[in-house]
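**Student:** Okay, so here is my_file-v5.tsv, and as you'll see once you scroll down, it has TSV, C-alpha atoms.
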```tsv
chain	number	residue	atom	x	y	z
A	1	LEU	CA	-3.70	3.16	-21.86
A	2	ILE	CA	-6.85	4.80	-20.50
A	3	ILE	CA	-9.42	2.64	-18.69
A	4	GLU	CA	-12.82	4.30	-18.43
A	5	PRO	CA	-15.05	4.35	-15.32
A	6	GLY	CA	-17.22	1.25	-14.93
A	7	VAL	CA	-14.92	-1.10	-16.84
A	8	GLU	CA	-14.32	-4.57	-15.37
A	9	ILE	CA	-11.05	-6.34	-16.08
A	10	ILE	CA	-11.38	-10.05	-15.32
A	11	PHE	CA	-8.30	-12.25	-15.13
A	12	GLU	CA	-9.23	-15.78	-16.19
A	13	GLY	CA	-6.17	-17.32	-14.54
A	14	ASN	CA	-2.88	-16.60	-12.81
A	15	TYR	CA	-1.99	-13.57	-14.93
A	16	ARG	CA	-0.47	-10.16	-14.18
A	17	PHE	CA	-0.87	-6.67	-15.63
A	18	ASP	CA	2.56	-5.12	-16.36
A	19	ILE	CA	2.81	-1.41	-17.19
A	20	PHE	CA	5.81	-0.11	-19.15
A	21	GLY	CA	4.22	3.17	-20.27
A	22	LYS	CA	1.33	5.26	-18.96
A	23	LEU	CA	-1.78	3.83	-17.33
A	24	ILE	CA	-4.71	6.04	-16.42
A	25	ALA	CA	-7.26	3.88	-14.60
A	26	VAL	CA	-9.48	6.51	-13.00
A	27	GLY	CA	-13.08	5.78	-12.13
A	28	ASP	CA	-15.30	7.90	-9.93
A	29	SER	CA	-17.09	7.51	-6.60
A	30	SER	CA	-20.23	6.08	-8.21
A	31	ASN	CA	-18.58	4.11	-11.01
A	32	TYR	CA	-15.50	2.19	-9.95
A	33	ILE	CA	-13.18	0.32	-12.28
A	34	LYS	CA	-12.76	-3.30	-11.16
A	35	PHE	CA	-9.77	-5.65	-11.40
A	36	THR	CA	-10.79	-9.15	-10.33
A	37	GLY	CA	-10.59	-12.85	-11.04
A	38	ASN	CA	-13.33	-15.09	-12.34
A	39	GLY	CA	-13.75	-17.04	-9.13
A	40	ASN	CA	-9.98	-17.47	-9.07
A	41	GLN	CA	-6.96	-15.62	-7.73
A	42	TRP	CA	-4.86	-13.64	-10.19
A	43	MET	CA	-1.44	-12.00	-9.84
A	44	SER	CA	-0.99	-8.23	-9.66
A	45	ILE	CA	-0.74	-4.77	-11.22
A	46	ASN	CA	2.93	-3.89	-11.77
A	47	PHE	CA	4.33	-0.45	-12.57
A	48	ALA	CA	7.79	-1.18	-13.98
A	49	ASP	CA	10.75	1.20	-13.94
A	50	ALA	CA	9.87	2.19	-17.52
A	51	SER	CA	6.35	3.27	-16.61
A	52	ASP	CA	5.28	6.91	-16.65
A	53	ASP	CA	4.98	8.63	-13.26
A	54	ILE	CA	1.87	10.40	-14.56
A	55	SER	CA	0.13	7.03	-14.24
A	56	ALA	CA	-2.78	6.82	-11.81
A	57	VAL	CA	-4.99	4.17	-10.24
A	58	GLU	CA	-7.97	5.90	-8.66
A	59	TYR	CA	-11.48	4.77	-7.73
A	60	CYS	CA	-10.68	1.16	-8.58
A	61	ILE	CA	-11.62	-2.09	-6.85
A	62	ILE	CA	-8.69	-4.52	-6.77
A	63	GLU	CA	-9.72	-7.86	-5.32
A	64	ASP	CA	-8.53	-11.47	-5.09
A	65	ALA	CA	-5.00	-10.55	-6.21
A	66	SER	CA	-1.72	-12.03	-4.96
A	67	GLU	CA	1.72	-11.07	-6.33
A	68	SER	CA	3.66	-11.29	-9.58
A	69	GLY	CA	5.94	-14.10	-8.51
A	70	TYR	CA	9.22	-12.20	-8.97
A	71	GLU	CA	11.15	-9.40	-7.27
A	72	PRO	CA	10.15	-6.69	-6.39
A	73	TYR	CA	6.49	-7.17	-7.29
A	74	TYR	CA	5.21	-8.70	-4.06
A	75	GLY	CA	1.81	-7.01	-3.75
A	76	ALA	CA	-1.53	-6.53	-5.46
A	77	ILE	CA	-0.28	-3.12	-6.70
A	78	ASN	CA	3.47	-2.63	-7.13
A	79	ALA	CA	5.63	0.37	-8.03
A	80	ASN	CA	9.22	-0.50	-9.03
A	81	GLN	CA	11.36	2.63	-9.50
A	82	SER	CA	8.17	4.42	-10.47
A	83	SER	CA	5.73	6.73	-8.71
A	84	PRO	CA	2.13	6.37	-9.82
A	85	THR	CA	-0.69	7.99	-7.87
A	86	ILE	CA	-2.69	5.38	-5.92
A	87	LYS	CA	-5.80	7.01	-4.48
A	88	ASN	CA	-9.40	6.29	-3.45
A	89	ASN	CA	-9.20	2.58	-4.21
A	90	ILE	CA	-10.73	-0.46	-2.52
A	91	ILE	CA	-8.15	-3.24	-2.20
A	92	GLN	CA	-9.59	-6.37	-0.66
A	93	ASN	CA	-9.13	-10.09	-0.17
A	94	CYS	CA	-5.54	-10.15	-1.43
A	95	SER	CA	-3.26	-12.94	-0.26
A	96	LYS	CA	0.11	-11.11	-0.17
A	97	TYR	CA	0.95	-7.39	0.25
A	98	GLY	CA	-1.68	-4.80	-0.62
A	99	ILE	CA	0.60	-2.04	-1.99
A	100	TYR	CA	4.36	-2.58	-2.39
A	101	LEU	CA	6.75	0.31	-3.15
A	102	TYR	CA	10.36	-0.11	-4.28
A	103	TYR	CA	12.45	3.00	-5.08
A	104	SER	CA	9.17	4.91	-5.27
A	105	ASN	CA	7.91	8.36	-4.29
A	106	SER	CA	4.25	7.50	-4.73
A	107	SER	CA	1.43	9.21	-2.91
A	108	ILE	CA	-0.84	6.60	-1.30
A	109	SER	CA	-4.03	8.23	-0.06
A	110	LYS	CA	-7.70	7.60	0.77
A	111	ASN	CA	-7.56	3.89	-0.03
A	112	GLN	CA	-9.47	1.17	1.81
A	113	LEU	CA	-7.52	-2.05	2.34
A	114	SER	CA	-9.01	-5.11	4.02
A	115	GLY	CA	-8.46	-8.83	4.07
A	116	ILE	CA	-4.73	-8.50	3.28
A	117	GLY	CA	-2.55	-11.60	3.71
A	118	ILE	CA	0.73	-9.90	4.67
A	119	THR	CA	1.28	-6.13	5.07
A	120	ALA	CA	-1.27	-3.65	3.70
A	121	ILE	CA	1.19	-0.91	2.64
A	122	TYR	CA	4.96	-1.52	2.35
A	123	SER	CA	7.45	1.21	1.45
A	124	ASP	CA	11.08	0.06	1.20
A	125	GLN	CA	14.28	1.77	2.36
A	126	TYR	CA	14.82	3.42	-1.02
A	127	SER	CA	11.37	5.01	-1.16
A	128	THR	CA	10.14	8.37	0.10
A	129	SER	CA	6.41	7.97	0.35
A	130	THR	CA	3.39	9.89	1.59
A	131	ILE	CA	0.77	7.57	3.10
A	132	SER	CA	-2.31	9.48	4.21
A	133	GLU	CA	-6.02	9.07	4.96
A	134	ASN	CA	-6.10	5.34	4.28
A	135	THR	CA	-8.33	2.89	6.14
A	136	LEU	CA	-6.81	-0.52	6.92
A	137	SER	CA	-8.54	-3.48	8.55
A	138	SER	CA	-8.17	-7.25	8.85
A	139	VAL	CA	-4.47	-7.33	7.97
A	140	ASN	CA	-2.55	-10.51	8.71
A	141	ASN	CA	0.81	-8.84	9.47
A	142	ASP	CA	1.91	-5.23	10.00
A	143	GLY	CA	-0.53	-2.57	8.81
A	144	ILE	CA	2.05	-0.14	7.39
A	145	ILE	CA	5.80	-0.63	7.02
A	146	VAL	CA	7.97	2.37	6.09
A	147	LEU	CA	11.74	1.96	5.86
A	148	GLY	CA	12.77	5.02	3.83
A	149	GLU	CA	13.77	8.51	4.90
A	150	ASN	CA	11.61	11.64	4.76
A	151	SER	CA	8.36	9.69	4.54
A	152	GLU	CA	5.00	10.67	6.03
A	153	ILE	CA	2.31	8.49	7.60
A	154	ILE	CA	-0.54	10.84	8.40
A	155	ASN	CA	-4.23	10.56	9.32
A	156	ASN	CA	-4.67	6.85	8.63
A	157	THR	CA	-7.13	4.58	10.46
A	158	LEU	CA	-5.98	1.04	11.31
A	159	SER	CA	-7.91	-1.71	13.08
A	160	ASN	CA	-7.78	-5.47	13.50
A	161	ILE	CA	-4.08	-5.73	12.63
A	162	TYR	CA	-2.40	-9.04	13.43
A	163	SER	CA	1.08	-7.62	14.20
A	164	ASN	CA	2.22	-3.95	14.50
A	165	GLY	CA	-0.02	-1.12	13.40
A	166	ILE	CA	2.85	0.96	12.01
A	167	TYR	CA	6.45	-0.25	11.75
A	168	ALA	CA	8.96	2.50	10.90
A	169	GLN	CA	12.71	2.51	10.37
A	170	GLY	CA	14.74	5.41	8.97
A	171	ASN	CA	15.28	9.12	9.44
A	172	ASN	CA	12.92	12.09	9.35
A	173	ILE	CA	9.68	10.14	9.34
A	174	LYS	CA	6.41	11.80	10.35
A	175	ILE	CA	3.79	9.64	12.07
A	176	GLU	CA	0.94	11.95	12.95
A	177	GLN	CA	-2.84	11.96	13.53
A	178	ASN	CA	-3.31	8.23	12.99
A	179	ILE	CA	-5.99	6.19	14.75
A	180	ILE	CA	-4.77	2.68	15.60
A	181	SER	CA	-6.82	0.10	17.49
A	182	GLY	CA	-7.06	-3.64	17.91
A	183	VAL	CA	-3.48	-4.60	17.04
A	184	SER	CA	-1.95	-7.84	18.28
A	185	SER	CA	1.52	-6.40	18.89
A	186	ASN	CA	2.55	-2.70	19.06
A	187	GLY	CA	0.52	0.27	17.93
A	188	ILE	CA	3.64	2.02	16.60
A	189	TYR	CA	7.03	0.28	16.49
A	190	LEU	CA	10.11	2.44	15.84
A	191	SER	CA	12.91	0.04	14.99
A	192	SER	CA	15.86	2.34	14.28
A	193	GLY	CA	16.58	5.77	12.89
A	194	SER	CA	16.33	9.33	14.14
A	195	TYR	CA	14.21	12.47	14.01
A	196	PHE	CA	10.81	10.83	14.16
A	197	SER	CA	7.85	13.14	14.55
A	198	ILE	CA	5.17	11.32	16.56
A	199	LYS	CA	2.18	13.60	17.17
A	200	GLN	CA	-1.54	13.41	17.91
A	201	ASN	CA	-1.95	9.68	17.32
A	202	ASN	CA	-4.81	7.84	19.01
A	203	LEU	CA	-3.59	4.39	20.09
A	204	SER	CA	-5.76	1.80	21.84
A	205	GLY	CA	-6.15	-1.94	22.21
A	206	SER	CA	-2.51	-2.95	21.60
A	207	GLY	CA	-1.43	-6.45	22.56
A	208	ASN	CA	2.04	-5.22	23.65
A	209	TRP	CA	2.87	-1.48	23.72
A	210	ALA	CA	1.05	1.48	22.24
A	211	LEU	CA	4.48	2.92	21.31
A	212	ASN	CA	7.58	0.74	21.26
A	213	VAL	CA	10.97	2.39	20.59
A	214	GLU	CA	13.78	-0.09	20.00
```
Go ahead and render the structure in this file as C-alpha coordinates.
**Tutor:**
Amino acid sequence: LIIEPGVEIIFEGNYRFDIFGKLIAVGDSSNYIKFTGNGNQWMSINFADASDDISAVEYCIIEDASESGYEPYYGAINANQSSPTIKNNIIQNCSKYGIYLYYSNSSISKNQLSGIGITAIYSDQYSTSTISENTLSSVNNDGIIVLGENSEIINNTLSNIYSNGIYAQGNNIKIEQNIISGVSSNGIYLSSGSYFSIKQNNLSGSGNWALNVE
(Lines of atoms letter the chains of each structure in order from A and count residues from 1; the text may use other names and numbers.)
(Lines give C-alpha, C1' and ligand atoms only; values in the text may rest on other atoms or scores of the structure.)
Protein backbone atom coordinates (compact mmCIF):
# COMPACT_ATOMS: atom_id res chain seq x y z
CA LEU A 1 0.00 0.00 0.00
CA ILE A 2 1.29 3.44 -0.96
CA ILE A 3 -0.18 6.51 0.74
CA GLU A 4 0.51 9.72 -1.15
CA PRO A 5 1.60 13.04 0.40
CA GLY A 6 -1.27 15.16 1.71
CA VAL A 7 -3.64 12.26 2.37
CA GLU A 8 -5.61 12.31 5.64
CA ILE A 9 -6.66 9.03 7.21
CA ILE A 10 -9.42 9.62 9.76
CA PHE A 11 -10.40 6.87 12.19
CA GLU A 12 -14.08 7.26 13.06
CA GLY A 13 -13.78 5.15 16.21
CA ASN A 14 -11.52 2.88 18.23
CA TYR A 15 -9.88 1.21 15.22
CA ARG A 16 -6.32 0.16 14.39
CA PHE A 17 -4.27 -0.05 11.19
CA ASP A 18 -2.55 -3.47 10.93
CA ILE A 19 0.16 -4.02 8.31
CA PHE A 20 0.95 -7.55 7.11
CA GLY A 21 2.71 -6.55 3.88
CA LYS A 22 4.41 -3.36 2.71
CA LEU A 23 3.31 0.14 3.69
CA ILE A 24 4.91 3.20 2.13
CA ALA A 25 3.45 6.26 3.85
CA VAL A 26 5.91 8.96 2.83
CA GLY A 27 4.89 12.59 2.67
CA ASP A 28 7.24 15.54 2.38
CA SER A 29 8.18 18.54 4.50
CA SER A 30 5.43 20.72 3.02
CA ASN A 31 2.77 18.05 2.58
CA TYR A 32 2.46 15.67 5.52
CA ILE A 33 0.27 12.58 5.60
CA LYS A 34 -2.05 12.64 8.63
CA PHE A 35 -3.39 9.81 10.79
CA THR A 36 -5.98 11.16 13.21
CA GLY A 37 -9.35 10.66 14.83
CA ASN A 38 -12.53 12.59 14.18
CA GLY A 39 -12.60 14.30 17.55
CA ASN A 40 -12.02 10.89 19.13
CA GLN A 41 -9.09 8.71 20.12
CA TRP A 42 -8.21 5.78 17.86
CA MET A 43 -5.86 2.83 18.37
CA SER A 44 -2.55 2.52 16.52
CA ILE A 45 -0.42 1.67 13.48
CA ASN A 46 0.90 -1.89 13.82
CA PHE A 47 3.67 -3.47 11.76
CA ALA A 48 3.18 -7.21 12.28
CA ASP A 49 5.87 -9.88 11.97
CA ALA A 50 4.64 -10.56 8.42
CA SER A 51 5.16 -6.96 7.31
CA ASP A 52 7.90 -5.99 4.86
CA ASP A 53 10.97 -4.29 6.34
CA ILE A 54 11.03 -2.00 3.31
CA SER A 55 8.00 -0.30 4.87
CA ALA A 56 8.37 3.36 5.82
CA VAL A 57 6.45 6.00 7.74
CA GLU A 58 7.97 9.38 6.95
CA TYR A 59 6.68 12.95 7.09
CA CYS A 60 3.46 11.84 8.76
CA ILE A 61 1.43 13.40 11.57
CA ILE A 62 0.16 10.76 14.00
CA GLU A 63 -2.10 12.27 16.62
CA ASP A 64 -4.68 11.26 19.24
CA ALA A 65 -3.65 7.59 19.07
CA SER A 66 -3.46 5.11 21.96
CA GLU A 67 -2.54 1.42 21.56
CA SER A 68 -3.92 -1.70 19.89
CA GLY A 69 -5.15 -3.34 23.06
CA TYR A 70 -3.03 -6.50 22.75
CA GLU A 71 0.61 -7.54 23.11
CA PRO A 72 3.06 -6.25 21.91
CA TYR A 73 1.33 -3.29 20.26
CA TYR A 74 1.40 -0.79 23.12
CA GLY A 75 2.15 2.43 21.25
CA ALA A 76 0.88 4.77 18.55
CA ILE A 77 3.36 3.14 16.13
CA ASN A 78 4.44 -0.45 16.79
CA ALA A 79 6.98 -2.77 15.16
CA ASN A 80 6.60 -6.45 16.11
CA GLN A 81 9.46 -8.57 14.73
CA SER A 82 9.68 -6.06 11.90
CA SER A 83 11.91 -3.10 11.10
CA PRO A 84 10.18 -0.29 9.24
CA THR A 85 11.85 3.10 8.84
CA ILE A 86 10.20 5.71 11.10
CA LYS A 87 11.54 9.15 10.22
CA ASN A 88 10.62 12.84 10.17
CA ASN A 89 7.21 12.33 11.76
CA ILE A 90 5.20 14.40 14.22
CA ILE A 91 3.68 12.16 16.90
CA GLN A 92 1.54 14.09 19.34
CA ASN A 93 -1.18 13.85 21.97
CA CYS A 94 -1.02 10.07 22.26
CA SER A 95 -2.17 8.46 25.49
CA LYS A 96 0.19 5.44 25.67
CA TYR A 97 3.67 4.87 24.18
CA GLY A 98 4.74 6.92 21.17
CA ILE A 99 6.86 4.30 19.35
CA TYR A 100 7.11 0.71 20.63
CA LEU A 101 9.68 -1.76 19.25
CA TYR A 102 9.62 -5.52 19.87
CA TYR A 103 12.28 -7.73 18.21
CA SER A 104 12.98 -4.81 15.88
CA ASN A 105 16.03 -3.24 14.25
CA SER A 106 14.22 -0.09 13.16
CA SER A 107 15.89 3.24 12.61
CA ILE A 108 14.01 5.95 14.52
CA SER A 109 15.22 9.38 13.45
CA LYS A 110 14.26 13.06 13.19
CA ASN A 111 10.82 12.58 14.72
CA GLN A 112 9.05 15.06 17.00
CA LEU A 113 7.13 13.48 19.87
CA SER A 114 5.10 15.52 22.35
CA GLY A 115 2.18 15.01 24.67
CA ILE A 116 2.95 11.29 25.16
CA GLY A 117 1.13 9.46 27.97
CA ILE A 118 3.80 6.89 28.84
CA THR A 119 7.26 6.58 27.21
CA ALA A 120 7.99 8.35 23.92
CA ILE A 121 10.30 5.69 22.41
CA TYR A 122 10.55 2.14 23.82
CA SER A 123 12.94 -0.49 22.44
CA ASP A 124 12.73 -3.90 24.14
CA GLN A 125 15.50 -6.32 25.13
CA TYR A 126 15.26 -8.20 21.83
CA SER A 127 15.68 -5.11 19.67
CA THR A 128 18.81 -3.44 18.30
CA SER A 129 17.72 0.05 17.46
CA THR A 130 19.22 3.33 16.28
CA ILE A 131 17.45 6.32 17.84
CA SER A 132 18.85 9.59 16.55
CA GLU A 133 18.01 13.28 16.08
CA ASN A 134 14.57 13.04 17.65
CA THR A 135 12.95 15.83 19.67
CA LEU A 136 10.90 14.75 22.70
CA SER A 137 8.87 16.98 25.00
CA SER A 138 6.00 16.74 27.48
CA VAL A 139 6.37 13.01 28.11
CA ASN A 140 4.58 11.55 31.12
CA ASN A 141 7.14 8.82 31.90
CA ASP A 142 10.66 8.06 30.62
CA GLY A 143 11.67 9.80 27.41
CA ILE A 144 13.56 6.89 25.84
CA ILE A 145 13.86 3.31 27.12
CA VAL A 146 16.39 0.97 25.46
CA LEU A 147 16.83 -2.55 26.81
CA GLY A 148 18.57 -4.31 23.90
CA GLU A 149 22.24 -4.75 23.08
CA ASN A 150 24.24 -2.83 20.47
CA SER A 151 21.75 0.03 20.30
CA GLU A 152 22.51 3.70 19.73
CA ILE A 153 20.87 6.80 21.23
CA ILE A 154 22.54 9.73 19.54
CA ASN A 155 21.90 13.47 19.14
CA ASN A 156 18.37 13.56 20.56
CA THR A 157 16.84 16.54 22.38
CA LEU A 158 14.63 15.83 25.40
CA SER A 159 12.79 18.30 27.63
CA ASN A 160 9.94 18.32 30.11
CA ILE A 161 10.17 14.60 30.86
CA TYR A 162 8.23 13.38 33.90
CA SER A 163 10.64 10.54 34.86
CA ASN A 164 14.08 9.65 33.40
CA GLY A 165 15.33 11.26 30.22
CA ILE A 166 17.03 8.08 28.97
CA TYR A 167 16.75 4.69 30.69
CA ALA A 168 19.19 2.07 29.34
CA GLN A 169 19.83 -1.56 30.22
CA GLY A 170 21.99 -3.97 28.22
CA ASN A 171 25.42 -4.24 26.67
CA ASN A 172 27.27 -2.11 24.13
CA ILE A 173 24.88 0.82 24.11
CA LYS A 174 25.98 4.23 22.83
CA ILE A 175 24.45 7.31 24.45
CA GLU A 176 26.13 10.28 22.85
CA GLN A 177 25.53 13.96 22.00
CA ASN A 178 22.06 14.14 23.53
CA ILE A 179 20.63 17.30 25.09
CA ILE A 180 18.46 16.52 28.12
CA SER A 181 16.81 19.15 30.31
CA GLY A 182 13.87 19.51 32.64
CA VAL A 183 13.48 15.89 33.75
CA SER A 184 11.81 15.00 37.03
CA SER A 185 14.14 12.10 37.85
CA ASN A 186 17.53 11.26 36.25
CA GLY A 187 18.92 12.66 33.04
CA ILE A 188 20.43 9.27 32.11
CA TYR A 189 19.74 6.13 34.15
CA LEU A 190 21.93 3.08 33.50
CA SER A 191 20.19 0.16 35.16
CA SER A 192 22.42 -2.81 34.33
CA GLY A 193 24.72 -4.01 31.60
CA SER A 194 28.24 -3.25 30.45
CA TYR A 195 30.27 -1.35 27.85
CA PHE A 196 28.17 1.79 27.74
CA SER A 197 29.58 4.67 25.72
CA ILE A 198 28.46 7.93 27.36
CA LYS A 199 29.95 10.91 25.52
CA GLN A 200 29.27 14.60 24.92
CA ASN A 201 25.80 14.70 26.44
CA ASN A 202 24.45 18.00 27.77
CA LEU A 203 22.45 17.32 30.95
CA SER A 204 20.68 20.00 32.98
CA GLY A 205 17.69 20.48 35.24
CA SER A 206 17.41 16.91 36.58
CA GLY A 207 15.27 16.30 39.65
CA ASN A 208 17.66 13.61 40.95
CA TRP A 209 20.99 12.90 39.18
CA ALA A 210 22.25 13.97 35.78
CA LEU A 211 23.77 10.47 35.43
CA ASN A 212 22.69 7.62 37.68
CA VAL A 213 24.52 4.27 37.39
CA GLU A 214 22.85 1.44 39.29
**Student:** Can you list every residue of stretch 50-165 of chain A that has an atom at most 9 Å from stretch 10-26 of chain A, with its nearest atom pair and the distance in Å to one decimal, using all atoms listed in the file, ordered by chain then number, as CSV?
**Tutor:**
```
residue,atom,partner,partner_atom,distance
A:Ala50,CA,A:Phe20,CA,4.9
A:Ser51,CA,A:Gly21,CA,4.2
A:Asp52,CA,A:Lys22,CA,4.9
A:Asp53,CA,A:Lys22,CA,7.6
A:Ile54,CA,A:Lys22,CA,6.8
A:Ser55,CA,A:Leu23,CA,4.8
A:Ala56,CA,A:Ile24,CA,5.1
A:Val57,CA,A:Ala25,CA,4.9
A:Glu58,CA,A:Val26,CA,4.6
A:Tyr59,CA,A:Val26,CA,5.9
A:Cys60,CA,A:Val26,CA,7.0
A:Glu67,CA,A:Arg16,CA,8.2
A:Ser68,CA,A:Arg16,CA,6.3
A:Pro84,CA,A:Leu23,CA,8.8
```
**Student:** Could you take the residues named above and write them with C-alpha atoms, as a PDB file, in the frame of the given file?
**Tutor:**
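The result, written out as part.pdb:
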```
ATOM      1  CA  ALA A  50       9.870   2.190 -17.520  1.00  0.00           C
ATOM      2  CA  SER A  51       6.350   3.270 -16.610  1.00  0.00           C
ATOM      3  CA  ASP A  52       5.280   6.910 -16.650  1.00  0.00           C
ATOM      4  CA  ASP A  53       4.980   8.630 -13.260  1.00  0.00           C
ATOM      5  CA  ILE A  54       1.870  10.400 -14.560  1.00  0.00           C
ATOM      6  CA  SER A  55       0.130   7.030 -14.240  1.00  0.00           C
ATOM      7  CA  ALA A  56      -2.780   6.820 -11.810  1.00  0.00           C
ATOM      8  CA  VAL A  57      -4.990   4.170 -10.240  1.00  0.00           C
ATOM      9  CA  GLU A  58      -7.970   5.900  -8.660  1.00  0.00           C
ATOM     10  CA  TYR A  59     -11.480   4.770  -7.730  1.00  0.00           C
ATOM     11  CA  CYS A  60     -10.680   1.160  -8.580  1.00  0.00           C
ATOM     12  CA  GLU A  67       1.720 -11.070  -6.330  1.00  0.00           C
ATOM     13  CA  SER A  68       3.660 -11.290  -9.580  1.00  0.00           C
ATOM     14  CA  PRO A  84       2.130   6.370  -9.820  1.00  0.00           C
TER      15      PRO A  84
END
```
**Student:** Within 6 Å of A:Asn201, counting all atoms listed in the file, which residues qualify if same-chain residues fewer than 2 places away don't, as a list in words?
**Tutor:**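 Result of the neighbour search: Glu176, Gln177, Asn178, Ile179 and Lys199 of chain A.
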**Student:** Near A:Gly205, within 9 Å and counting only C-alpha atoms, which residues show up once chain neighbours fewer than 5 positions away are dropped, as a VMD selection string?
**Tutor:** chain A and resid 180 to 184 187 210
**Student:** Hey, can you pull every residue with an atom no more than 8 Å from (11.3, 6.1, -2.7), using all atoms listed in the file, and send it as a list of chain:residue names?
**Tutor:**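 Final list of nearby residues, as requested, is A:Gln81, A:Leu101, A:Tyr102, A:Tyr103, A:Ser104, A:Asn105, A:Ser106, A:Ser123, A:Asp124, A:Gln125, A:Tyr126, A:Ser127, A:Thr128, A:Ser129, A:Gly148.
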**Student:** Could you work out how far atom CA of A:Ile33 lies from atom CA of A:Gln92, giving the answer in Å with one decimal?
**Tutor:**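 Between these atoms lies a distance of 13.9 Å.
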**Student:** Select all residues near (-10.8, -12.8, -10.8) (cut-off 8 Å, inclusive, file coordinates), counting all atoms listed in the file, and output them as a PyMOL selection string.
**Tutor:** chain A and resi 10-13+35-42+63-65
**Student:** Is it possible to get the axis-aligned box enclosing stretch 185-189 of chain A (all listed atoms, 5 Å extra per side) as lines of an AutoDock Vina configuration file, with centre and edge lengths in Å rounded to one decimal?
**Tutor:**
```
center_x = 3.8
center_y = -2.2
center_z = 17.8
size_x = 16.5
size_y = 18.4
size_z = 12.6
```
**Student:** Which residues come within 10 Å of A:Ile91, counting only C-alpha atoms, excluding same-chain residues fewer than 5 positions away, as a list in words?
**Tutor:**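 That gives Phe35, Cys60, Ile61, Ile62, Glu63, Asp64, Ala65, Ala76, Ile77, Gly98, Ile99, Asn111, Gln112, Leu113, Ser114, Gly115, Ile116, Ala120 and Leu136 of chain A.
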**Student:** Point out the residue among A:Ile145, A:Leu1, A:Ile173, A:Leu203 with the least atom-to-atom distance to A:Thr157, counting all atoms listed in the file.
**Tutor:**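 The answer is A:Leu203, which sits nearest to A:Thr157.
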**Student:** So the first atom is atom CA of A:Glu133 and the second is atom CA of A:Ser82; what is the distance between them in Å, to one decimal place?
**Tutor:**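 Distance between the two atoms: 21.5 Å.
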**Student:** Mind checking which residues fall within 8 Å of A:Val7, counting all atoms listed in the file, ignoring those fewer than 4 positions away in the same chain, and posting them as a count of residues only?
**Tutor:** 4
**Student:** Please determine, counting all atoms listed in the file, which residue among A:Glu71, A:Asp142, A:Asp49, A:Asp28 has the shortest atom-to-atom distance to A:Asn164.
**Tutor:** A:Asp142
**Student:** I need the residue nearest A:Gly143 from this list: A:Ser109, A:Thr85, A:Gln169, A:Asn186. Use only C-alpha atoms for the distance.
**Tutor:**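 With only C-alpha atoms as the atom set, the closest residue is A:Asn186.
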**Student:** At what distance in Å, to one decimal, does atom CA of A:Ser194 lie from atom CA of A:Glu214?
**Tutor:** 11.4 Å
**Student:** Using only C-alpha atoms, can you tell me which of A:Ile153, A:Ile161, A:Ile188, A:Ile9 comes closest to A:Ile175?
**Tutor:** A:Ile153
**Student:** I'd like to know which of A:Gly27, A:Gly193, A:Gly6, A:Gly165 is closest to A:Asn150, using all atoms listed in the file.
**Tutor:**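 The answer is A:Gly193, which sits nearest to A:Asn150.
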**Student:** Point out the residue among A:Ser163, A:Ser107, A:Ser204, A:Ser29 with the least atom-to-atom distance to A:Ile90, counting all atoms listed in the file.
**Tutor:**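 When distances to A:Ile90 are compared using all atoms listed in the file, the smallest one comes from A:Ser29.
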